[in-house]
Every structure is written in C-alpha cells, then in structure tokens.
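J.: Supplied structure: work23.txt, compact mmCIF, N, CA and C atoms.
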# COMPACT_ATOMS: atom_id res chain seq x y z
N MET M 611 5.59 -16.07 -24.97
CA MET M 611 6.19 -16.41 -23.69
C MET M 611 5.13 -16.26 -22.60
N LEU M 612 5.05 -17.22 -21.76
CA LEU M 612 4.12 -17.22 -20.63
C LEU M 612 4.71 -16.42 -19.48
N GLU M 613 3.94 -15.52 -18.93
CA GLU M 613 4.40 -14.73 -17.80
C GLU M 613 3.41 -14.87 -16.65
N LEU M 614 3.93 -14.95 -15.46
CA LEU M 614 3.10 -14.98 -14.26
C LEU M 614 3.08 -13.58 -13.65
N ASP M 615 1.97 -13.22 -13.08
CA ASP M 615 1.84 -11.92 -12.44
C ASP M 615 0.86 -12.08 -11.29
N GLY M 616 0.82 -11.11 -10.45
CA GLY M 616 -0.11 -11.14 -9.34
C GLY M 616 0.09 -9.91 -8.48
N SER M 617 -0.73 -9.78 -7.49
CA SER M 617 -0.61 -8.64 -6.59
C SER M 617 -0.97 -9.06 -5.18
N ILE M 618 -0.53 -8.26 -4.24
CA ILE M 618 -0.80 -8.48 -2.82
C ILE M 618 -1.92 -7.55 -2.39
N TRP M 619 -2.87 -8.07 -1.66
CA TRP M 619 -3.96 -7.26 -1.11
C TRP M 619 -4.12 -7.63 0.35
N PHE M 620 -4.30 -6.65 1.19
CA PHE M 620 -4.62 -6.90 2.59
C PHE M 620 -6.13 -6.96 2.74
N ARG M 621 -6.57 -7.95 3.51
CA ARG M 621 -8.01 -8.11 3.78
C ARG M 621 -8.21 -8.34 5.26
N SER M 622 -9.38 -7.98 5.71
CA SER M 622 -9.81 -8.26 7.07
C SER M 622 -11.20 -8.85 6.96
N GLY M 623 -11.30 -10.16 7.09
CA GLY M 623 -12.58 -10.82 6.85
C GLY M 623 -12.97 -10.61 5.39
N ALA M 624 -14.16 -10.11 5.17
CA ALA M 624 -14.64 -9.86 3.81
C ALA M 624 -14.26 -8.47 3.32
N GLN M 625 -13.64 -7.66 4.17
CA GLN M 625 -13.29 -6.28 3.83
C GLN M 625 -11.87 -6.19 3.28
N THR M 626 -11.71 -5.49 2.18
CA THR M 626 -10.39 -5.28 1.59
C THR M 626 -9.83 -3.95 2.07
N TRP M 627 -8.64 -4.00 2.65
CA TRP M 627 -7.94 -2.78 3.07
C TRP M 627 -7.36 -2.08 1.87
N GLY M 628 -6.83 -2.88 0.96
CA GLY M 628 -6.21 -2.32 -0.22
C GLY M 628 -4.91 -3.02 -0.53
N GLY M 629 -4.30 -2.55 -1.58
CA GLY M 629 -3.05 -3.12 -2.03
C GLY M 629 -2.00 -2.05 -2.25
N LYS M 630 -1.25 -2.21 -3.31
CA LYS M 630 -0.10 -1.34 -3.58
C LYS M 630 -0.48 0.14 -3.62
N ASN M 631 -1.57 0.50 -4.25
CA ASN M 631 -1.93 1.92 -4.36
C ASN M 631 -2.17 2.56 -3.00
N ARG M 632 -2.86 1.86 -2.13
CA ARG M 632 -3.12 2.42 -0.80
C ARG M 632 -1.86 2.46 0.05
N ILE M 633 -1.02 1.44 -0.08
CA ILE M 633 0.24 1.44 0.66
C ILE M 633 1.13 2.57 0.15
N ASP M 634 1.16 2.76 -1.17
CA ASP M 634 1.92 3.88 -1.73
C ASP M 634 1.39 5.22 -1.22
N LEU M 635 0.07 5.33 -1.09
CA LEU M 635 -0.53 6.55 -0.55
C LEU M 635 -0.04 6.79 0.87
N LEU M 636 -0.06 5.76 1.71
CA LEU M 636 0.43 5.91 3.08
C LEU M 636 1.89 6.32 3.10
N ALA M 637 2.70 5.69 2.26
CA ALA M 637 4.13 6.02 2.21
C ALA M 637 4.35 7.46 1.78
N GLN M 638 3.55 7.93 0.84
CA GLN M 638 3.69 9.32 0.39
C GLN M 638 3.22 10.30 1.46
N ILE M 639 2.20 9.93 2.21
CA ILE M 639 1.77 10.79 3.33
C ILE M 639 2.91 10.91 4.32
N ASP M 640 3.57 9.79 4.59
CA ASP M 640 4.70 9.81 5.52
C ASP M 640 5.82 10.69 4.99
N ALA M 641 6.07 10.61 3.69
CA ALA M 641 7.17 11.37 3.09
C ALA M 641 6.87 12.86 2.99
N THR M 642 5.60 13.21 2.72
CA THR M 642 5.26 14.60 2.45
C THR M 642 4.57 15.31 3.61
N GLY M 643 3.92 14.56 4.48
CA GLY M 643 3.15 15.17 5.56
C GLY M 643 1.88 15.84 5.06
N SER M 644 1.47 15.48 3.85
CA SER M 644 0.32 16.13 3.22
C SER M 644 -0.50 15.13 2.43
N ILE M 645 -1.80 15.12 2.68
CA ILE M 645 -2.68 14.24 1.92
C ILE M 645 -2.77 14.73 0.47
N THR M 646 -2.82 16.03 0.29
CA THR M 646 -2.89 16.60 -1.06
C THR M 646 -1.67 16.19 -1.88
N ALA M 647 -0.49 16.39 -1.34
CA ALA M 647 0.74 16.04 -2.05
C ALA M 647 0.84 14.53 -2.27
N ALA M 648 0.45 13.76 -1.28
CA ALA M 648 0.51 12.30 -1.40
C ALA M 648 -0.44 11.82 -2.49
N ALA M 649 -1.66 12.36 -2.51
CA ALA M 649 -2.63 11.97 -3.53
C ALA M 649 -2.10 12.30 -4.92
N ARG M 650 -1.54 13.48 -5.07
CA ARG M 650 -0.97 13.89 -6.35
C ARG M 650 0.16 12.94 -6.77
N ALA M 651 1.02 12.57 -5.82
CA ALA M 651 2.17 11.71 -6.12
C ALA M 651 1.76 10.32 -6.61
N VAL M 652 0.63 9.82 -6.11
CA VAL M 652 0.20 8.48 -6.51
C VAL M 652 -0.89 8.51 -7.58
N GLY M 653 -1.21 9.71 -8.09
CA GLY M 653 -2.20 9.82 -9.15
C GLY M 653 -3.62 9.58 -8.70
N MET M 654 -3.93 10.04 -7.51
CA MET M 654 -5.25 9.85 -6.92
C MET M 654 -5.86 11.22 -6.63
N SER M 655 -7.17 11.31 -6.69
CA SER M 655 -7.81 12.57 -6.32
C SER M 655 -7.74 12.74 -4.80
N TYR M 656 -7.88 13.97 -4.36
CA TYR M 656 -7.89 14.25 -2.92
C TYR M 656 -9.02 13.49 -2.25
N LYS M 657 -10.21 13.51 -2.85
CA LYS M 657 -11.36 12.80 -2.29
C LYS M 657 -11.10 11.30 -2.26
N GLY M 658 -10.53 10.77 -3.33
CA GLY M 658 -10.20 9.34 -3.37
C GLY M 658 -9.21 8.96 -2.28
N ALA M 659 -8.24 9.86 -2.04
CA ALA M 659 -7.26 9.62 -0.98
C ALA M 659 -7.95 9.62 0.38
N TRP M 660 -8.82 10.59 0.61
CA TRP M 660 -9.52 10.64 1.89
C TRP M 660 -10.41 9.44 2.09
N ASP M 661 -11.10 9.02 1.03
CA ASP M 661 -11.95 7.83 1.15
C ASP M 661 -11.11 6.60 1.49
N ALA M 662 -9.94 6.47 0.86
CA ALA M 662 -9.05 5.34 1.14
C ALA M 662 -8.55 5.38 2.58
N ILE M 663 -8.15 6.57 3.02
CA ILE M 663 -7.66 6.73 4.40
C ILE M 663 -8.75 6.40 5.40
N ASP M 664 -9.94 6.91 5.14
CA ASP M 664 -11.08 6.66 6.04
C ASP M 664 -11.37 5.17 6.13
N ALA M 665 -11.37 4.50 4.98
CA ALA M 665 -11.63 3.05 4.97
C ALA M 665 -10.56 2.30 5.75
N MET M 666 -9.29 2.64 5.52
CA MET M 666 -8.20 1.95 6.22
C MET M 666 -8.25 2.22 7.72
N ASN M 667 -8.50 3.47 8.10
CA ASN M 667 -8.60 3.80 9.52
C ASN M 667 -9.72 2.99 10.18
N ASN M 668 -10.87 2.90 9.51
CA ASN M 668 -12.00 2.16 10.07
C ASN M 668 -11.71 0.67 10.17
N LEU M 669 -11.12 0.10 9.13
CA LEU M 669 -10.82 -1.33 9.13
C LEU M 669 -9.74 -1.69 10.14
N ALA M 670 -8.81 -0.77 10.36
CA ALA M 670 -7.73 -1.03 11.32
C ALA M 670 -8.23 -0.99 12.76
N GLY M 671 -9.37 -0.34 12.98
CA GLY M 671 -9.89 -0.22 14.34
C GLY M 671 -9.16 0.84 15.15
N GLU M 672 -8.23 1.51 14.51
CA GLU M 672 -7.49 2.60 15.13
C GLU M 672 -6.91 3.45 14.00
N PRO M 673 -6.61 4.68 14.26
CA PRO M 673 -6.10 5.52 13.18
C PRO M 673 -4.75 5.04 12.64
N LEU M 674 -4.63 5.08 11.33
CA LEU M 674 -3.35 4.87 10.67
C LEU M 674 -2.78 6.22 10.25
N VAL M 675 -3.70 7.14 9.98
CA VAL M 675 -3.37 8.49 9.54
C VAL M 675 -4.08 9.45 10.47
N VAL M 676 -3.32 10.42 11.00
CA VAL M 676 -3.91 11.45 11.86
C VAL M 676 -3.57 12.82 11.31
N ARG M 677 -4.53 13.72 11.39
CA ARG M 677 -4.34 15.08 10.90
C ARG M 677 -4.13 16.02 12.06
N ALA M 678 -3.19 16.92 11.88
CA ALA M 678 -2.99 18.00 12.83
C ALA M 678 -3.66 19.23 12.22
N ALA M 679 -4.48 19.92 12.99
CA ALA M 679 -5.20 21.08 12.49
C ALA M 679 -4.23 22.15 12.03
N GLY M 680 -4.65 22.88 11.01
CA GLY M 680 -3.84 23.97 10.48
C GLY M 680 -3.89 25.17 11.41
N GLY M 681 -3.51 26.29 10.91
CA GLY M 681 -3.51 27.50 11.71
C GLY M 681 -2.17 28.19 11.59
N LYS M 682 -1.85 28.99 12.57
CA LYS M 682 -0.63 29.78 12.53
C LYS M 682 0.63 28.93 12.36
N GLY M 683 0.71 27.83 13.09
CA GLY M 683 1.87 26.95 13.00
C GLY M 683 1.78 25.96 11.86
N GLY M 684 0.66 25.96 11.15
CA GLY M 684 0.46 25.02 10.05
C GLY M 684 -0.06 23.69 10.55
N GLY M 685 -0.62 22.95 9.66
CA GLY M 685 -1.14 21.63 10.01
C GLY M 685 -0.26 20.57 9.43
N GLY M 686 -0.84 19.47 9.18
CA GLY M 686 -0.08 18.38 8.58
C GLY M 686 -0.79 17.07 8.80
N THR M 687 -0.23 16.06 8.25
CA THR M 687 -0.78 14.72 8.36
C THR M 687 0.36 13.79 8.73
N LEU M 688 0.11 12.94 9.70
CA LEU M 688 1.13 12.02 10.20
C LEU M 688 0.62 10.60 10.15
N LEU M 689 1.55 9.67 9.98
CA LEU M 689 1.22 8.26 10.09
C LEU M 689 1.49 7.79 11.51
N THR M 690 0.70 6.85 11.94
CA THR M 690 0.94 6.22 13.23
C THR M 690 2.01 5.14 13.04
N ASP M 691 2.54 4.65 14.13
CA ASP M 691 3.52 3.57 14.07
C ASP M 691 2.92 2.33 13.40
N ARG M 692 1.63 2.09 13.66
CA ARG M 692 0.98 0.93 13.05
C ARG M 692 0.97 1.06 11.52
N ALA M 693 0.73 2.26 11.01
CA ALA M 693 0.74 2.47 9.56
C ALA M 693 2.13 2.21 9.00
N ARG M 694 3.15 2.66 9.70
CA ARG M 694 4.52 2.42 9.23
C ARG M 694 4.85 0.92 9.22
N ARG M 695 4.36 0.20 10.24
CA ARG M 695 4.57 -1.26 10.26
C ARG M 695 3.81 -1.93 9.12
N LEU M 696 2.62 -1.42 8.82
CA LEU M 696 1.82 -1.95 7.72
C LEU M 696 2.56 -1.78 6.39
N ILE M 697 3.14 -0.61 6.18
CA ILE M 697 3.92 -0.35 4.97
C ILE M 697 5.10 -1.31 4.90
N ALA M 698 5.83 -1.45 5.99
CA ALA M 698 7.01 -2.33 6.01
C ALA M 698 6.60 -3.78 5.75
N THR M 699 5.51 -4.23 6.33
CA THR M 699 5.03 -5.59 6.12
C THR M 699 4.65 -5.79 4.67
N PHE M 700 3.92 -4.82 4.11
CA PHE M 700 3.52 -4.93 2.71
C PHE M 700 4.74 -4.99 1.80
N ARG M 701 5.72 -4.14 2.02
CA ARG M 701 6.92 -4.11 1.18
C ARG M 701 7.67 -5.44 1.28
N ALA M 702 7.74 -6.01 2.47
CA ALA M 702 8.42 -7.30 2.64
C ALA M 702 7.65 -8.41 1.90
N LEU M 703 6.33 -8.42 2.03
CA LEU M 703 5.52 -9.42 1.33
C LEU M 703 5.62 -9.25 -0.18
N GLU M 704 5.64 -8.01 -0.63
CA GLU M 704 5.75 -7.73 -2.05
C GLU M 704 7.08 -8.25 -2.61
N ALA M 705 8.15 -8.05 -1.87
CA ALA M 705 9.46 -8.54 -2.31
C ALA M 705 9.47 -10.07 -2.38
N GLU M 706 8.92 -10.72 -1.37
CA GLU M 706 8.85 -12.18 -1.37
C GLU M 706 7.97 -12.69 -2.50
N HIS M 707 6.89 -11.98 -2.76
CA HIS M 707 5.98 -12.35 -3.84
C HIS M 707 6.70 -12.30 -5.18
N ARG M 708 7.47 -11.23 -5.42
CA ARG M 708 8.25 -11.11 -6.66
C ARG M 708 9.23 -12.28 -6.80
N LEU M 709 9.93 -12.60 -5.71
CA LEU M 709 10.88 -13.72 -5.74
C LEU M 709 10.18 -15.04 -6.03
N SER M 710 9.00 -15.22 -5.44
CA SER M 710 8.23 -16.45 -5.69
C SER M 710 7.83 -16.55 -7.15
N LEU M 711 7.39 -15.44 -7.73
CA LEU M 711 7.01 -15.46 -9.14
C LEU M 711 8.20 -15.78 -10.03
N ILE M 712 9.35 -15.24 -9.70
CA ILE M 712 10.56 -15.55 -10.47
C ILE M 712 10.88 -17.04 -10.35
N HIS M 713 10.82 -17.56 -9.14
CA HIS M 713 11.12 -18.98 -8.90
C HIS M 713 10.13 -19.88 -9.64
N ILE M 714 8.87 -19.56 -9.57
CA ILE M 714 7.84 -20.37 -10.23
C ILE M 714 7.98 -20.28 -11.75
N SER M 715 8.36 -19.12 -12.24
CA SER M 715 8.47 -18.89 -13.69
C SER M 715 9.70 -19.58 -14.29
N GLU M 716 10.70 -19.84 -13.52
CA GLU M 716 11.97 -20.37 -14.04
C GLU M 716 11.80 -21.65 -14.85
N PRO M 717 11.05 -22.65 -14.39
CA PRO M 717 10.89 -23.86 -15.22
C PRO M 717 10.25 -23.56 -16.57
N THR M 718 9.33 -22.61 -16.59
CA THR M 718 8.67 -22.22 -17.84
C THR M 718 9.68 -21.60 -18.80
N ARG M 719 10.54 -20.72 -18.27
CA ARG M 719 11.56 -20.08 -19.09
C ARG M 719 12.56 -21.13 -19.62
N GLN M 720 12.94 -22.07 -18.77
CA GLN M 720 13.88 -23.11 -19.19
C GLN M 720 13.27 -23.97 -20.31
N ALA M 721 11.97 -24.26 -20.21
CA ALA M 721 11.31 -25.09 -21.22
C ALA M 721 11.23 -24.38 -22.57
N GLU M 722 11.23 -23.06 -22.57
CA GLU M 722 11.14 -22.30 -23.81
C GLU M 722 12.48 -22.19 -24.52
N ILE M 723 13.57 -22.51 -23.84
CA ILE M 723 14.91 -22.38 -24.44
C ILE M 723 15.17 -23.47 -25.44
Would you put the structure from the file into structure tokens?

T.:
Amino acid sequence: MLELDGSIWFRSGAQTWGGKNRIDLLAQIDATGSITAAARAVGMSYKGAWDAIDAMNNLAGEPLVVRAAGGKGGGGTLLTDRARRLIATFRALEAEHRLSLIHISEPTRQAEI
C-alpha cells in the first residue's frame, strides 16, 4: 500500500527555525515553566534544548523564550505571546497538512480496493 507522509518546517530565508520537535519543546516550556522538564518531555538534552531556543530566539528577531532568574522566589522560563502564536499557527498548519494528506491519499486507497 502506498502511503503519503510529510512534515511542516518553519523557515526564514535560508534559515530553518524547526519543525514539530522545536514546537513541542516550546509547548512543553509553556506547560512546565522549565527548560529542563521540557527537554526531558520531548526527549532532548538540556544543551540541545538551549541550542534550539537560542536559534529560534535569534531567527525570530525577538525572544520567544525568556528566563526569570532563580533565587529565593525561584526562577522559571516563560514563553512570549509571539511563541504562543507560533505554536498555534504550527498546530493549525499541521492539522491542515494531515487533512490534505488524507484527501490526496484517498484516490490511491480507492484504486487499491
């Protein structure tokens, strides 16, 4: 059986922001408030998570992820509104992409019957 597959990637010129893994990282940062916990949740090393965050922040031209210093009250990591919009946009595109693949695949499935 023939199957179609694909993935969504955000790019800015020749620079790749990333795809599902980086968006999942941002979503986990939003959910946990921690880069360490977010990296663990998506199966990424802490350094890999920081490198991804740094790249996305630089490509965005503004922070997507901001850290609050630790100390007595504790620290944390927060997403900016732009990062949340980026996640929402990616999720919407991903859903449309899945629907498109289903639609495109349908004639192939019908021909195999």

J.: Output as a list in words all residues of region 641-705 of chain M that backbone DSSP marks as strand (DSSP E or B).

T.: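 Here are the strand (DSSP E or B) residues of region 641-705 of chain M: Val675, Val676, Arg677, Ala678, Gly686, Thr687, Leu688 and Leu689 of chain M.
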
J.: Which one is closest to Gly671 (chain M): M:Ser710, M:Ala637, M:Ala698, M:Trp627? Count only C-alpha atoms.

T.: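 For Gly671 (chain M), the nearest of the candidates is M:Trp627.
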
J.: Counting only C-alpha atoms, figure out which residue out of M:Ala649, M:Ala662, M:Ile633, M:Leu614 gets nearest to Thr699 (chain M).

T.: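 Looking only at the distances to Thr699 (chain M), the closest residue turns out to be M:Ile633.
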
J.: What is the distance, in Å and to one decimal place, between atom C of Asn668 (chain M) and atom C of Ala624 (chain M)?

T.: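 Computing the Euclidean distance for atom C of Asn668 (chain M) and atom C of Ala624 (chain M) yields 11.7 Å.
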
J.: Would you please work out which residue, of M:Ile663, M:Leu711, M:Ala670, M:Ala647, is nearest to Arg632 (chain M) when using only C-alpha atoms?

T.: M:Ile663

J.: Name all residues at most 8 Å from Ile618 (chain M) (count only C-alpha atoms; drop same-chain ones fewer than 5 positions away) and give them as a PyMOL selection string.

T.: chain M and resi 629-630+700+703-704+707

J.: Just how far from CA of Ile697 (chain M) is CA of Ile712 (chain M), in Å to one decimal?

T.: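 Here the two named atoms are 22.7 Å from each other.
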
J.: By how many Å are CA of Ile645 (chain M) and atom N of Ala679 (chain M) apart?

T.: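 Interatomic distance here is 12.6 Å.
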
J.: Extract region 615-644 of chain M from the structure I just pasted (atoms: N, CA and C atoms) and return it as a PDB file, in the first residue's frame.

T.:
ATOM      1  N   ASP M 615       3.406  10.876   3.266  1.00  0.00           N
ATOM      2  CA  ASP M 615       3.814  11.422   4.551  1.00  0.00           C
ATOM      3  C   ASP M 615       4.531  12.732   4.283  1.00  0.00           C
ATOM      4  N   GLY M 616       4.729  13.476   5.301  1.00  0.00           N
ATOM      5  CA  GLY M 616       5.442  14.733   5.169  1.00  0.00           C
ATOM      6  C   GLY M 616       5.484  15.435   6.502  1.00  0.00           C
ATOM      7  N   SER M 617       6.159  16.545   6.531  1.00  0.00           N
ATOM      8  CA  SER M 617       6.246  17.306   7.772  1.00  0.00           C
ATOM      9  C   SER M 617       6.271  18.792   7.458  1.00  0.00           C
ATOM     10  N   ILE M 618       5.950  19.568   8.463  1.00  0.00           N
ATOM     11  CA  ILE M 618       5.933  21.028   8.356  1.00  0.00           C
ATOM     12  C   ILE M 618       7.207  21.564   9.001  1.00  0.00           C
ATOM     13  N   TRP M 619       7.855  22.488   8.338  1.00  0.00           N
ATOM     14  CA  TRP M 619       9.038  23.155   8.883  1.00  0.00           C
ATOM     15  C   TRP M 619       8.872  24.648   8.673  1.00  0.00           C
ATOM     16  N   PHE M 620       9.208  25.419   9.675  1.00  0.00           N
ATOM     17  CA  PHE M 620       9.235  26.870   9.528  1.00  0.00           C
ATOM     18  C   PHE M 620      10.625  27.277   9.074  1.00  0.00           C
ATOM     19  N   ARG M 621      10.654  28.196   8.113  1.00  0.00           N
ATOM     20  CA  ARG M 621      11.929  28.721   7.602  1.00  0.00           C
ATOM     21  C   ARG M 621      11.842  30.230   7.522  1.00  0.00           C
ATOM     22  N   SER M 622      12.987  30.844   7.607  1.00  0.00           N
ATOM     23  CA  SER M 622      13.119  32.281   7.397  1.00  0.00           C
ATOM     24  C   SER M 622      14.283  32.458   6.442  1.00  0.00           C
ATOM     25  N   GLY M 623      13.971  32.711   5.177  1.00  0.00           N
ATOM     26  CA  GLY M 623      15.027  32.751   4.175  1.00  0.00           C
ATOM     27  C   GLY M 623      15.668  31.377   4.074  1.00  0.00           C
ATOM     28  N   ALA M 624      16.967  31.324   4.201  1.00  0.00           N
ATOM     29  CA  ALA M 624      17.692  30.050   4.130  1.00  0.00           C
ATOM     30  C   ALA M 624      17.805  29.381   5.501  1.00  0.00           C
ATOM     31  N   GLN M 625      17.326  30.049   6.545  1.00  0.00           N
ATOM     32  CA  GLN M 625      17.446  29.534   7.913  1.00  0.00           C
ATOM     33  C   GLN M 625      16.207  28.746   8.319  1.00  0.00           C
ATOM     34  N   THR M 626      16.414  27.579   8.886  1.00  0.00           N
ATOM     35  CA  THR M 626      15.315  26.749   9.370  1.00  0.00           C
ATOM     36  C   THR M 626      15.101  27.009  10.849  1.00  0.00           C
ATOM     37  N   TRP M 627      13.878  27.384  11.201  1.00  0.00           N
ATOM     38  CA  TRP M 627      13.510  27.571  12.609  1.00  0.00           C
ATOM     39  C   TRP M 627      13.330  26.236  13.278  1.00  0.00           C
ATOM     40  N   GLY M 628      12.731  25.318  12.545  1.00  0.00           N
ATOM     41  CA  GLY M 628      12.476  23.999  13.092  1.00  0.00           C
ATOM     42  C   GLY M 628      11.084  23.535  12.739  1.00  0.00           C
ATOM     43  N   GLY M 629      10.791  22.355  13.216  1.00  0.00           N
ATOM     44  CA  GLY M 629       9.508  21.744  12.956  1.00  0.00           C
ATOM     45  C   GLY M 629       8.854  21.262  14.235  1.00  0.00           C
ATOM     46  N   LYS M 630       8.249  20.101  14.155  1.00  0.00           N
ATOM     47  CA  LYS M 630       7.455  19.560  15.253  1.00  0.00           C
ATOM     48  C   LYS M 630       8.242  19.469  16.560  1.00  0.00           C
ATOM     49  N   ASN M 631       9.471  19.003  16.527  1.00  0.00           N
ATOM     50  CA  ASN M 631      10.239  18.843  17.766  1.00  0.00           C
ATOM     51  C   ASN M 631      10.454  20.169  18.488  1.00  0.00           C
ATOM     52  N   ARG M 632      10.780  21.197  17.745  1.00  0.00           N
ATOM     53  CA  ARG M 632      11.007  22.501  18.381  1.00  0.00           C
ATOM     54  C   ARG M 632       9.702  23.116  18.873  1.00  0.00           C
ATOM     55  N   ILE M 633       8.633  22.926  18.115  1.00  0.00           N
ATOM     56  CA  ILE M 633       7.331  23.433  18.557  1.00  0.00           C
ATOM     57  C   ILE M 633       6.891  22.688  19.806  1.00  0.00           C
ATOM     58  N   ASP M 634       7.105  21.368  19.823  1.00  0.00           N
ATOM     59  CA  ASP M 634       6.790  20.593  21.025  1.00  0.00           C
ATOM     60  C   ASP M 634       7.607  21.076  22.224  1.00  0.00           C
ATOM     61  N   LEU M 635       8.871  21.417  21.987  1.00  0.00           N
ATOM     62  CA  LEU M 635       9.714  21.950  23.056  1.00  0.00           C
ATOM     63  C   LEU M 635       9.113  23.241  23.608  1.00  0.00           C
ATOM     64  N   LEU M 636       8.720  24.152  22.721  1.00  0.00           N
ATOM     65  CA  LEU M 636       8.104  25.404  23.175  1.00  0.00           C
ATOM     66  C   LEU M 636       6.832  25.127  23.970  1.00  0.00           C
ATOM     67  N   ALA M 637       6.009  24.220  23.482  1.00  0.00           N
ATOM     68  CA  ALA M 637       4.756  23.899  24.175  1.00  0.00           C
ATOM     69  C   ALA M 637       5.029  23.315  25.558  1.00  0.00           C
ATOM     70  N   GLN M 638       6.049  22.488  25.665  1.00  0.00           N
ATOM     71  CA  GLN M 638       6.389  21.909  26.965  1.00  0.00           C
ATOM     72  C   GLN M 638       6.968  22.956  27.914  1.00  0.00           C
ATOM     73  N   ILE M 639       7.715  23.900  27.382  1.00  0.00           N
ATOM     74  CA  ILE M 639       8.211  25.002  28.224  1.00  0.00           C
ATOM     75  C   ILE M 639       7.029  25.773  28.777  1.00  0.00           C
ATOM     76  N   ASP M 640       6.039  26.017  27.931  1.00  0.00           N
ATOM     77  CA  ASP M 640       4.843  26.733  28.372  1.00  0.00           C
ATOM     78  C   ASP M 640       4.109  25.942  29.452  1.00  0.00           C
ATOM     79  N   ALA M 641       4.040  24.632  29.278  1.00  0.00           N
ATOM     80  CA  ALA M 641       3.305  23.788  30.221  1.00  0.00           C
ATOM     81  C   ALA M 641       4.037  23.618  31.550  1.00  0.00           C
ATOM     82  N   THR M 642       5.374  23.537  31.497  1.00  0.00           N
ATOM     83  CA  THR M 642       6.136  23.214  32.700  1.00  0.00           C
ATOM     84  C   THR M 642       6.834  24.412  33.339  1.00  0.00           C
ATOM     85  N   GLY M 643       7.102  25.446  32.556  1.00  0.00           N
ATOM     86  CA  GLY M 643       7.857  26.587  33.065  1.00  0.00           C
ATOM     87  C   GLY M 643       9.320  26.263  33.298  1.00  0.00           C
ATOM     88  N   SER M 644       9.779  25.173  32.686  1.00  0.00           N
ATOM     89  CA  SER M 644      11.144  24.700  32.914  1.00  0.00           C
ATOM     90  C   SER M 644      11.743  24.153  31.630  1.00  0.00           C
TER      91      SER M 644
END
